[in-house]
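Below is upload-v5.cif, holding mmCIF, C-alpha atoms, pLDDT in the B column; chains and numbers go by the auth columns.
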data_model
loop_
_atom_site.group_PDB
_atom_site.id
_atom_site.type_symbol
_atom_site.label_atom_id
_atom_site.label_comp_id
_atom_site.label_asym_id
_atom_site.label_seq_id
_atom_site.Cartn_x
_atom_site.Cartn_y
_atom_site.Cartn_z
_atom_site.B_iso_or_equiv
_atom_site.auth_seq_id
_atom_site.auth_asym_id
ATOM 1 C CA MET A 1 95.900 83.058 120.545 48.00 1 S
ATOM 2 C CA ASP A 2 99.372 82.587 122.009 59.00 2 S
ATOM 3 C CA PRO A 3 100.972 85.612 123.720 65.00 3 S
ATOM 4 C CA CYS A 4 103.821 87.421 121.976 78.00 4 S
ATOM 5 C CA LEU A 5 106.836 87.028 124.253 84.00 5 S
ATOM 6 C CA ASN A 6 110.273 88.591 124.518 86.00 6 S
ATOM 7 C CA ILE A 7 112.524 85.519 124.531 90.00 7 S
ATOM 8 C CA VAL A 8 116.271 84.922 124.695 92.00 8 S
ATOM 9 C CA VAL A 9 117.779 81.582 123.677 94.00 9 S
ATOM 10 C CA VAL A 10 121.122 80.898 125.370 94.00 10 S
ATOM 11 C CA GLU A 11 122.759 78.091 123.399 93.00 11 S
ATOM 12 C CA ASP A 12 126.421 77.740 122.374 91.00 12 S
ATOM 13 C CA HIS A 13 125.729 75.382 119.442 92.00 13 S
ATOM 14 C CA GLU A 14 125.216 77.886 116.613 91.00 14 S
ATOM 15 C CA ALA A 15 123.106 75.738 114.288 93.00 15 S
ATOM 16 C CA LEU A 16 120.815 74.600 117.105 92.00 16 S
ATOM 17 C CA ARG A 17 120.547 78.153 118.416 92.00 17 S
ATOM 18 C CA ASN A 18 119.529 79.469 114.986 93.00 18 S
ATOM 19 C CA ILE A 19 116.930 76.716 114.489 93.00 19 S
ATOM 20 C CA THR A 20 115.420 77.403 117.917 93.00 20 S
ATOM 21 C CA VAL A 21 115.333 81.175 117.378 92.00 21 S
ATOM 22 C CA GLU A 22 113.698 80.829 113.956 91.00 22 S
ATOM 23 C CA ALA A 23 111.106 78.360 115.243 91.00 23 S
ATOM 24 C CA LEU A 24 110.065 80.661 118.092 91.00 24 S
ATOM 25 C CA GLN A 25 110.028 83.690 115.784 88.00 25 S
ATOM 26 C CA SER A 26 107.726 81.834 113.396 85.00 26 S
ATOM 27 C CA ARG A 27 105.208 81.667 116.275 84.00 27 S
ATOM 28 C CA GLY A 28 105.238 85.470 116.531 81.00 28 S
ATOM 29 C CA HIS A 29 107.661 85.897 119.437 86.00 29 S
ATOM 30 C CA ARG A 30 110.467 88.467 119.585 85.00 30 S
ATOM 31 C CA VAL A 31 113.563 86.310 119.956 90.00 31 S
ATOM 32 C CA ILE A 32 117.298 86.865 120.337 89.00 32 S
ATOM 33 C CA GLY A 33 119.937 84.133 120.391 92.00 33 S
ATOM 34 C CA VAL A 34 123.193 84.383 122.341 91.00 34 S
ATOM 35 C CA GLU A 35 126.003 81.886 122.832 91.00 35 S
ATOM 36 C CA SER A 36 126.801 82.298 126.534 89.00 36 S
ATOM 37 C CA ALA A 37 125.650 83.696 129.855 86.00 37 S
ATOM 38 C CA GLU A 38 128.362 86.339 129.641 85.00 38 S
ATOM 39 C CA SER A 39 126.980 87.726 126.378 84.00 39 S
ATOM 40 C CA LEU A 40 123.391 87.807 127.636 82.00 40 S
ATOM 41 C CA GLN A 41 123.513 91.087 129.555 74.00 41 S
ATOM 42 C CA GLU A 42 125.630 92.765 126.878 73.00 42 S
ATOM 43 C CA THR A 43 123.013 91.929 124.257 72.00 43 S
ATOM 44 C CA LEU A 44 119.938 92.740 126.324 67.00 44 S
ATOM 45 C CA GLY A 45 120.915 95.887 128.183 61.00 45 S
ATOM 46 C CA ASN A 46 117.781 96.961 130.045 58.00 46 S
ATOM 47 C CA GLN A 47 115.366 95.337 127.604 64.00 47 S
ATOM 48 C CA SER A 48 112.369 93.657 129.194 72.00 48 S
ATOM 49 C CA LEU A 49 112.329 89.869 129.037 80.00 49 S
ATOM 50 C CA ASP A 50 109.526 87.326 129.485 86.00 50 S
ATOM 51 C CA LEU A 51 111.250 83.998 128.953 90.00 51 S
ATOM 52 C CA VAL A 52 114.751 82.529 128.629 93.00 52 S
ATOM 53 C CA VAL A 53 115.523 79.160 127.063 95.00 53 S
ATOM 54 C CA VAL A 54 118.917 78.080 128.388 94.00 54 S
ATOM 55 C CA ASP A 55 121.181 75.123 127.703 94.00 55 S
ATOM 56 C CA VAL A 56 122.987 73.632 130.717 92.00 56 S
ATOM 57 C CA ASN A 57 126.400 73.056 129.101 90.00 57 S
ATOM 58 C CA LEU A 58 127.546 76.574 128.260 91.00 58 S
ATOM 59 C CA PRO A 59 131.049 78.011 128.042 88.00 59 S
ATOM 60 C CA GLY A 60 131.804 79.981 131.212 87.00 60 S
ATOM 61 C CA GLU A 61 128.828 80.183 133.562 89.00 61 S
ATOM 62 C CA ASN A 62 126.613 77.118 133.141 91.00 62 S
ATOM 63 C CA GLY A 63 122.894 77.231 132.458 89.00 63 S
ATOM 64 C CA VAL A 64 121.772 76.165 135.933 90.00 64 S
ATOM 65 C CA SER A 65 123.838 78.906 137.571 91.00 65 S
ATOM 66 C CA LEU A 66 122.440 81.396 135.068 90.00 66 S
ATOM 67 C CA ALA A 67 118.881 80.267 135.812 88.00 67 S
ATOM 68 C CA ARG A 68 119.450 80.790 139.540 90.00 68 S
ATOM 69 C CA ARG A 69 120.906 84.274 139.013 89.00 69 S
ATOM 70 C CA LEU A 70 118.136 85.365 136.641 86.00 70 S
ATOM 71 C CA LYS A 71 115.392 84.144 138.961 85.00 71 S
ATOM 72 C CA GLN A 72 116.938 85.989 141.907 84.00 72 S
ATOM 73 C CA SER A 73 116.938 89.295 140.024 81.00 73 S
ATOM 74 C CA HIS A 74 113.732 88.698 137.986 81.00 74 S
ATOM 75 C CA PRO A 75 111.345 86.438 139.954 81.00 75 S
ATOM 76 C CA ASP A 76 108.618 86.675 137.298 81.00 76 S
ATOM 77 C CA LEU A 77 110.895 85.551 134.461 86.00 77 S
ATOM 78 C CA GLY A 78 110.079 82.226 132.828 89.00 78 S
ATOM 79 C CA VAL A 79 112.998 79.793 132.558 93.00 79 S
ATOM 80 C CA ILE A 80 113.101 76.696 130.352 94.00 80 S
ATOM 81 C CA VAL A 81 116.235 74.599 130.856 94.00 81 S
ATOM 82 C CA VAL A 82 117.266 72.186 128.094 94.00 82 S
ATOM 83 C CA SER A 83 119.982 69.575 128.521 92.00 83 S
ATOM 84 C CA VAL A 84 121.253 66.197 127.365 92.00 84 S
ATOM 85 C CA ARG A 85 121.419 65.240 131.054 91.00 85 S
ATOM 86 C CA ASP A 86 118.407 63.102 131.937 90.00 86 S
ATOM 87 C CA ARG A 87 119.239 62.015 135.488 92.00 87 S
ATOM 88 C CA LEU A 88 116.679 62.829 138.149 92.00 88 S
ATOM 89 C CA ASP A 89 119.164 64.706 140.353 92.00 89 S
ATOM 90 C CA ASP A 90 120.098 66.970 137.405 90.00 90 S
ATOM 91 C CA LYS A 91 116.439 67.818 136.866 92.00 91 S
ATOM 92 C CA LEU A 92 115.765 68.403 140.549 92.00 92 S
ATOM 93 C CA GLY A 93 118.839 70.617 140.824 90.00 93 S
ATOM 94 C CA ALA A 94 117.615 72.776 137.955 91.00 94 S
ATOM 95 C CA TYR A 95 114.140 73.107 139.475 92.00 95 S
ATOM 96 C CA GLU A 96 115.664 74.081 142.815 90.00 96 S
ATOM 97 C CA CYS A 97 117.593 76.823 141.015 88.00 97 S
ATOM 98 C CA GLY A 98 114.424 78.304 139.522 86.00 98 S
ATOM 99 C CA ALA A 99 113.714 76.423 136.296 90.00 99 S
ATOM 100 C CA ASP A 100 110.017 76.355 135.387 91.00 100 S
ATOM 101 C CA LEU A 101 110.479 73.532 132.884 93.00 101 S
ATOM 102 C CA TYR A 102 113.269 71.036 132.207 94.00 102 S
ATOM 103 C CA LEU A 103 113.354 69.509 128.720 94.00 103 S
ATOM 104 C CA THR A 104 115.750 66.731 127.768 92.00 104 S
ATOM 105 C CA LYS A 105 117.608 66.983 124.456 90.00 105 S
ATOM 106 C CA PRO A 106 116.963 66.273 121.704 89.00 106 S
ATOM 107 C CA VAL A 107 113.884 68.497 121.964 89.00 107 S
ATOM 108 C CA SER A 108 111.634 68.929 118.936 91.00 108 S
ATOM 109 C CA VAL A 109 110.953 72.541 117.992 89.00 109 S
ATOM 110 C CA GLU A 110 107.240 71.794 118.157 91.00 110 S
ATOM 111 C CA GLU A 111 107.504 70.701 121.806 93.00 111 S
ATOM 112 C CA LEU A 112 109.699 73.660 122.729 92.00 112 S
ATOM 113 C CA CYS A 113 107.341 76.160 121.093 91.00 113 S
ATOM 114 C CA ALA A 114 104.341 74.569 122.798 91.00 114 S
ATOM 115 C CA ALA A 115 106.127 74.685 126.166 91.00 115 S
ATOM 116 C CA ALA A 116 107.054 78.346 125.668 91.00 116 S
ATOM 117 C CA ALA A 117 103.475 79.269 124.740 88.00 117 S
ATOM 118 C CA ALA A 118 101.981 77.432 127.714 88.00 118 S
ATOM 119 C CA LEU A 119 104.468 78.892 130.180 88.00 119 S
ATOM 120 C CA GLY A 120 104.072 82.353 128.682 82.00 120 S
ATOM 121 C CA LYS A 121 100.294 82.292 129.091 80.00 121 S
ATOM 122 C CA ARG A 122 100.606 81.357 132.740 79.00 122 S
ATOM 123 C CA LEU A 123 103.296 83.902 133.553 73.00 123 S
ATOM 124 C CA LEU A 124 101.552 86.776 131.780 66.00 124 S
ATOM 125 C CA ARG A 125 98.197 85.941 133.337 61.00 125 S
ATOM 126 C CA VAL A 126 99.590 85.716 136.862 54.00 126 S
ATOM 127 C CA SER A 127 102.179 88.436 137.124 51.00 127 S
ATOM 128 C CA HIS A 128 102.591 90.656 134.087 46.00 128 S
ATOM 129 C CA PRO A 129 100.645 93.889 133.568 49.00 129 S
ATOM 130 C CA PRO A 130 99.419 94.587 130.042 47.00 130 S
ATOM 131 C CA ARG A 131 102.298 95.499 127.733 51.00 131 S
ATOM 132 C CA ARG A 132 102.535 99.191 126.889 53.00 132 S
ATOM 133 C CA ASP A 133 102.218 99.293 123.130 75.00 133 S
ATOM 134 C CA PHE A 134 103.646 101.964 120.871 92.00 134 S
ATOM 135 C CA SER A 135 101.820 102.982 117.727 93.00 135 S
ATOM 136 C CA LEU A 136 103.043 104.174 114.342 94.00 136 S
ATOM 137 C CA ASP A 137 100.781 106.602 112.486 94.00 137 S
ATOM 138 C CA LEU A 138 101.922 106.344 108.871 92.00 138 S
ATOM 139 C CA GLN A 139 99.578 109.069 107.615 91.00 139 S
ATOM 140 C CA GLN A 140 100.827 111.703 110.033 93.00 140 S
ATOM 141 C CA MET A 141 104.340 110.172 110.294 94.00 141 S
ATOM 142 C CA ARG A 142 104.274 110.095 114.081 95.00 142 S
ATOM 143 C CA LEU A 143 105.331 107.642 116.773 96.00 143 S
ATOM 144 C CA ARG A 144 103.106 107.498 119.850 94.00 144 S
ATOM 145 C CA GLY A 145 103.791 105.978 123.237 93.00 145 S
ATOM 146 C CA PRO A 146 102.891 106.239 126.932 89.00 146 S
ATOM 147 C CA ALA A 147 104.904 109.457 127.321 89.00 147 S
ATOM 148 C CA GLY A 148 103.555 111.288 124.267 92.00 148 S
ATOM 149 C CA GLU A 149 104.292 111.418 120.560 95.00 149 S
ATOM 150 C CA THR A 150 107.030 112.590 118.214 96.00 150 S
ATOM 151 C CA PRO A 151 107.343 113.137 114.445 96.00 151 S
ATOM 152 C CA LEU A 152 109.303 110.699 112.285 95.00 152 S
ATOM 153 C CA THR A 153 111.267 111.255 109.100 94.00 153 S
ATOM 154 C CA THR A 154 110.362 109.261 106.005 92.00 154 S
ATOM 155 C CA GLN A 155 113.412 107.015 106.537 90.00 155 S
ATOM 156 C CA GLU A 156 112.529 106.352 110.179 93.00 156 S
ATOM 157 C CA ALA A 157 108.890 105.584 109.400 94.00 157 S
ATOM 158 C CA THR A 158 109.874 103.317 106.503 93.00 158 S
ATOM 159 C CA VAL A 159 112.266 101.121 108.487 93.00 159 S
ATOM 160 C CA LEU A 160 109.945 101.004 111.516 95.00 160 S
ATOM 161 C CA ALA A 161 106.954 99.955 109.412 93.00 161 S
ATOM 162 C CA ALA A 162 109.075 97.270 107.738 93.00 162 S
ATOM 163 C CA LEU A 163 110.177 95.868 111.097 93.00 163 S
ATOM 164 C CA VAL A 164 106.628 95.904 112.492 91.00 164 S
ATOM 165 C CA ARG A 165 105.352 93.905 109.509 90.00 165 S
ATOM 166 C CA ALA A 166 108.264 91.448 109.330 87.00 166 S
ATOM 167 C CA PRO A 167 108.038 87.899 110.766 79.00 167 S
ATOM 168 C CA GLY A 168 109.418 88.048 114.285 78.00 168 S
ATOM 169 C CA HIS A 169 109.787 91.837 113.811 87.00 169 S
ATOM 170 C CA ARG A 170 113.279 91.162 112.468 86.00 170 S
ATOM 171 C CA LEU A 171 114.929 91.961 109.122 89.00 171 S
ATOM 172 C CA GLU A 172 118.335 91.438 107.620 88.00 172 S
ATOM 173 C CA THR A 173 120.455 94.453 106.717 88.00 173 S
ATOM 174 C CA TRP A 174 119.963 93.986 102.968 88.00 174 S
ATOM 175 C CA GLN A 175 116.197 93.888 103.409 89.00 175 S
ATOM 176 C CA LEU A 176 116.192 97.211 105.246 90.00 176 S
ATOM 177 C CA LEU A 177 118.515 98.750 102.666 89.00 177 S
ATOM 178 C CA GLU A 178 116.133 97.581 99.961 87.00 178 S
ATOM 179 C CA GLN A 179 113.217 99.249 101.781 88.00 179 S
ATOM 180 C CA LEU A 180 115.147 102.519 101.780 86.00 180 S
ATOM 181 C CA GLY A 181 116.310 102.154 98.176 84.00 181 S
ATOM 182 C CA TRP A 182 119.976 102.075 99.178 78.00 182 S
ATOM 183 C CA VAL A 183 121.634 99.661 96.785 67.00 183 S
ATOM 184 C CA ASP A 184 125.346 100.352 97.424 63.00 184 S
ATOM 185 C CA THR A 185 127.205 98.539 100.201 55.00 185 S
ATOM 186 C CA SER A 186 128.137 101.811 101.906 60.00 186 S
ATOM 187 C CA GLY A 187 124.514 101.988 103.000 60.00 187 S
ATOM 188 C CA LYS A 188 125.209 99.322 105.636 69.00 188 S
ATOM 189 C CA MET A 189 127.142 101.824 107.737 77.00 189 S
ATOM 190 C CA ALA A 190 124.677 104.624 106.987 77.00 190 S
ATOM 191 C CA LEU A 191 121.775 102.463 108.171 85.00 191 S
ATOM 192 C CA GLU A 192 122.824 102.900 111.798 86.00 192 S
ATOM 193 C CA VAL A 193 122.046 106.648 111.531 87.00 193 S
ATOM 194 C CA PRO A 194 118.239 106.333 111.136 88.00 194 S
ATOM 195 C CA MET A 195 118.278 103.428 113.602 91.00 195 S
ATOM 196 C CA SER A 196 120.008 105.537 116.267 91.00 196 S
ATOM 197 C CA ARG A 197 117.570 108.388 115.686 93.00 197 S
ATOM 198 C CA LEU A 198 114.657 105.962 115.904 94.00 198 S
ATOM 199 C CA ARG A 199 115.926 104.655 119.273 92.00 199 S
ATOM 200 C CA ARG A 200 116.114 108.216 120.618 93.00 200 S
ATOM 201 C CA LYS A 201 112.560 108.935 119.492 95.00 201 S
ATOM 202 C CA PHE A 202 111.289 105.766 121.159 94.00 202 S
ATOM 203 C CA THR A 203 112.918 107.007 124.363 92.00 203 S
ATOM 204 C CA LEU A 204 111.162 110.365 123.986 93.00 204 S
ATOM 205 C CA VAL A 205 107.754 108.660 123.929 94.00 205 S
ATOM 206 C CA GLY A 206 108.434 106.399 126.893 90.00 206 S
ATOM 207 C CA ALA A 207 110.500 103.403 125.765 88.00 207 S
ATOM 208 C CA THR A 208 112.907 101.757 128.186 79.00 208 S
ATOM 209 C CA GLY A 209 115.723 99.381 127.336 75.00 209 S
ATOM 210 C CA ASN A 210 116.663 98.925 123.683 82.00 210 S
ATOM 211 C CA PRO A 211 113.646 99.343 121.360 89.00 211 S
ATOM 212 C CA VAL A 212 115.638 98.637 118.160 90.00 212 S
ATOM 213 C CA ILE A 213 118.189 95.865 118.606 87.00 213 S
ATOM 214 C CA ALA A 214 121.196 95.462 116.308 85.00 214 S
ATOM 215 C CA ILE A 215 121.787 91.754 115.617 82.00 215 S
ATOM 216 C CA ARG A 216 125.461 91.226 114.831 75.00 216 S
ATOM 217 C CA LYS A 217 126.093 89.953 111.286 74.00 217 S
ATOM 218 C CA HIS A 218 122.364 89.890 110.600 81.00 218 S
ATOM 219 C CA GLY A 219 120.327 93.062 110.865 86.00 219 S
ATOM 220 C CA TYR A 220 117.853 94.597 113.307 89.00 220 S
ATOM 221 C CA GLN A 221 114.916 93.507 115.470 89.00 221 S
ATOM 222 C CA LEU A 222 112.260 95.396 117.416 89.00 222 S
ATOM 223 C CA GLY A 223 112.628 95.117 121.163 85.00 223 S
ATOM 224 C CA CYS A 224 109.175 96.507 122.006 85.00 224 S
ATOM 225 C CA ALA A 225 105.590 96.078 120.811 86.00 225 S
ATOM 226 C CA VAL A 226 104.475 98.442 118.041 91.00 226 S
ATOM 227 C CA VAL A 227 101.171 98.595 116.174 90.00 227 S
ATOM 228 C CA ILE A 228 100.423 100.500 112.961 90.00 228 S
ATOM 229 C CA ASP A 229 97.427 102.811 113.107 82.00 229 S
#

Show me this structure written as structure tokens.
Amino acid sequence: MDPCLNIVVVEDHEALRNITVEALQSRGHRVIGVESAESLQETLGNQSLDLVVVDVNLPGENGVSLARRLKQSHPDLGVIVVSVRDRLDDKLGAYECGADLYLTKPVSVEELCAAAAALGKRLLRVSHPPRRDFSLDLQQMRLRGPAGETPLTTQEATVLAALVRAPGHRLETWQLLEQLGWVDTSGKMALEVPMSRLRRKFTLVGATGNPVIAIRKHGYQLGCAVVID
């Protein structure tokens, strides 16, 4: 069974970014797509990360520079560089900057997903400790983690259970509103209230980073591993 990885795809071509994100999510990974190196830290915050898939030709800081910077600060991070450049010196330069794999575009989603799974297995086996899971007890309406447990409201438990069960642990706003029975459009703004409370409760039980990620113009995604008891 392939490991479930926290992955970021850094690609400025929106359609290609969306296809790549969806393909990796379909394999069970938690995936976020961003359009530039500059938006990467803003989106992630302190969230843990296993693997980054980065295009070379990005607006602002290029992908090779980003790979070097990420490897310097996170030596255990997996880096897959993708590029239309197929010259040997381009590939060697990327490897010298910390790339684990260099794939030449066009890359099939099947090859990329296979490369991510293979690299993820190696990285997790060599350097990563077991992931600290959180658990949701739906009978007692409680969230448990390494630092203890805390009660959840019906709204919080409902949206958390929906995210845990969703493909890629990600749902669009309308899907979450439907789970809560909120049919009017004003519910979109109100949805951030239970999400903010849920983030605080994750923190109480030991979460670091951003456990519930808001995806702009889409919805929300879990940023940590949760199982349902």

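Using the PyMOL selection byres ((chain S and resi 63) around 9) on this structure selects Val10, Ser36, Ala37, Val54, Asp55, Val56, Asn57, Leu58, Glu61, Asn62, Val64, Ser65, Leu66, Ala67, Arg68, Val81, Val82 and Ala94 of chain S.
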
request  = Might you pull out every residue within 7 Å of Asp137 in chain S, with all atoms listed in the file counted and same-chain residues fewer than 3 positions away left off, and present them as an NGL selection string?
outcome  = :S and (140-143 or 228-229)

Export of the given selection (C-alpha atoms) as a PDB file, in the frame of the given file:
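As written to disk, selection36.pdb reads:
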ATOM      1  CA  GLN S 140     100.827 111.703 110.033  1.00 93.00           C
ATOM      2  CA  MET S 141     104.340 110.172 110.294  1.00 94.00           C
ATOM      3  CA  ARG S 142     104.274 110.095 114.081  1.00 95.00           C
ATOM      4  CA  LEU S 143     105.331 107.642 116.773  1.00 96.00           C
ATOM      5  CA  ILE S 228     100.423 100.500 112.961  1.00 90.00           C
ATOM      6  CA  ASP S 229      97.427 102.811 113.107  1.00 82.00           C
TER       7      ASP S 229
END

Identify all residues satisfying the PyMOL selection byres ((chain S and resi 27-32) around 7) in the given file; provide them as a PDB file with C-alpha atoms, in the coordinates of the input.
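Writing the result to part_21.pdb gives the following:
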ATOM      1  CA  CYS S   4     103.821  87.421 121.976  1.00 78.00           C
ATOM      2  CA  LEU S   5     106.836  87.028 124.253  1.00 84.00           C
ATOM      3  CA  ASN S   6     110.273  88.591 124.518  1.00 86.00           C
ATOM      4  CA  ILE S   7     112.524  85.519 124.531  1.00 90.00           C
ATOM      5  CA  VAL S   8     116.271  84.922 124.695  1.00 92.00           C
ATOM      6  CA  VAL S   9     117.779  81.582 123.677  1.00 94.00           C
ATOM      7  CA  VAL S  21     115.333  81.175 117.378  1.00 92.00           C
ATOM      8  CA  ALA S  23     111.106  78.360 115.243  1.00 91.00           C
ATOM      9  CA  LEU S  24     110.065  80.661 118.092  1.00 91.00           C
ATOM     10  CA  GLN S  25     110.028  83.690 115.784  1.00 88.00           C
ATOM     11  CA  SER S  26     107.726  81.834 113.396  1.00 85.00           C
ATOM     12  CA  GLY S  33     119.937  84.133 120.391  1.00 92.00           C
ATOM     13  CA  VAL S  34     123.193  84.383 122.341  1.00 91.00           C
ATOM     14  CA  PRO S 167     108.038  87.899 110.766  1.00 79.00           C
ATOM     15  CA  GLY S 168     109.418  88.048 114.285  1.00 78.00           C
ATOM     16  CA  HIS S 169     109.787  91.837 113.811  1.00 87.00           C
TER      17      HIS S 169
END

Please return the centre and edge lengths, in Å to one decimal, of a box with edges along x, y and z that contains all listed atoms of range 104-116 of chain S, widened by 6 Å on every side, as lines of an AutoDock Vina configuration file.
center_x = 111.0
center_y = 72.3
center_z = 122.9
size_x = 25.3
size_y = 24.1
size_z = 21.8

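Of note, CA of Gln72 in chain S and CA of Leu123 in chain S are spaced 16.1 Å apart.
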
request  = Report the residues retrieved by the PyMOL selection byres ((chain S and resi 119) around 12) from the displayed file, expressed as a PyMOL selection string.
outcome  = chain S and resi 2-5+7+50-53+76-80+99-102+112-118+120-126

inquiry  = From the options S:Asp133, S:His74, S:Gly209, S:Asp12, which residue's atoms come nearest to Glu42 in chain S, counting only C-alpha atoms?
reply    = S:Gly209

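From CA of Glu172 in chain S back to CA of Tyr220 in chain S, the distance works out to 6.5 Å.
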
remark   = Among S:Cys97, S:Leu152, S:Met195, S:Ala225, Ile213 in chain S is approached most closely, using all atoms listed in the file, by S:Met195

Starting from the incomplete input, reconstruct N, CA and C atoms of range 74-88 of chain S and write that as a PDB file, keeping the file's coordinate frame.
ATOM      1  N   HIS S  74     115.001  88.540 138.705  1.00 81.00           N
ATOM      2  CA  HIS S  74     113.732  88.698 137.986  1.00 81.00           C
ATOM      3  C   HIS S  74     112.814  87.529 138.339  1.00 81.00           C
ATOM      4  N   PRO S  75     112.160  87.578 139.495  1.00 81.00           N
ATOM      5  CA  PRO S  75     111.345  86.438 139.954  1.00 81.00           C
ATOM      6  C   PRO S  75     110.228  86.042 138.998  1.00 81.00           C
ATOM      7  N   ASP S  76     109.729  86.978 138.205  1.00 81.00           N
ATOM      8  CA  ASP S  76     108.618  86.675 137.298  1.00 81.00           C
ATOM      9  C   ASP S  76     109.074  86.124 135.953  1.00 81.00           C
ATOM     10  N   LEU S  77     110.368  86.034 135.736  1.00 86.00           N
ATOM     11  CA  LEU S  77     110.895  85.551 134.461  1.00 86.00           C
ATOM     12  C   LEU S  77     110.648  84.052 134.300  1.00 86.00           C
ATOM     13  N   GLY S  78     110.222  83.642 133.120  1.00 89.00           N
ATOM     14  CA  GLY S  78     110.079  82.226 132.828  1.00 89.00           C
ATOM     15  C   GLY S  78     111.408  81.631 132.395  1.00 89.00           C
ATOM     16  N   VAL S  79     111.731  80.448 132.885  1.00 93.00           N
ATOM     17  CA  VAL S  79     112.998  79.793 132.558  1.00 93.00           C
ATOM     18  C   VAL S  79     112.732  78.362 132.103  1.00 93.00           C
ATOM     19  N   ILE S  80     113.139  78.059 130.864  1.00 94.00           N
ATOM     20  CA  ILE S  80     113.101  76.696 130.352  1.00 94.00           C
ATOM     21  C   ILE S  80     114.535  76.214 130.208  1.00 94.00           C
ATOM     22  N   VAL S  81     114.901  75.186 130.935  1.00 94.00           N
ATOM     23  CA  VAL S  81     116.235  74.599 130.856  1.00 94.00           C
ATOM     24  C   VAL S  81     116.185  73.401 129.911  1.00 94.00           C
ATOM     25  N   VAL S  82     117.157  73.330 128.991  1.00 94.00           N
ATOM     26  CA  VAL S  82     117.266  72.186 128.094  1.00 94.00           C
ATOM     27  C   VAL S  82     118.646  71.563 128.280  1.00 94.00           C
ATOM     28  N   SER S  83     118.705  70.243 128.256  1.00 92.00           N
ATOM     29  CA  SER S  83     119.982  69.575 128.521  1.00 92.00           C
ATOM     30  C   SER S  83     119.946  68.142 128.027  1.00 92.00           C
ATOM     31  N   VAL S  84     121.142  67.618 127.697  1.00 92.00           N
ATOM     32  CA  VAL S  84     121.253  66.197 127.365  1.00 92.00           C
ATOM     33  C   VAL S  84     121.231  65.347 128.633  1.00 92.00           C
ATOM     34  N   ARG S  85     121.416  65.983 129.790  1.00 91.00           N
ATOM     35  CA  ARG S  85     121.419  65.240 131.054  1.00 91.00           C
ATOM     36  C   ARG S  85     119.989  64.859 131.430  1.00 91.00           C
ATOM     37  N   ASP S  86     119.764  63.559 131.639  1.00 90.00           N
ATOM     38  CA  ASP S  86     118.407  63.102 131.937  1.00 90.00           C
ATOM     39  C   ASP S  86     118.281  62.452 133.309  1.00 90.00           C
ATOM     40  N   ARG S  87     119.312  62.590 134.146  1.00 92.00           N
ATOM     41  CA  ARG S  87     119.239  62.015 135.488  1.00 92.00           C
ATOM     42  C   ARG S  87     118.303  62.831 136.362  1.00 92.00           C
ATOM     43  N   LEU S  88     117.644  62.157 137.287  1.00 92.00           N
ATOM     44  CA  LEU S  88     116.679  62.829 138.149  1.00 92.00           C
ATOM     45  C   LEU S  88     117.330  63.923 138.989  1.00 92.00           C
TER      46      LEU S  88
END
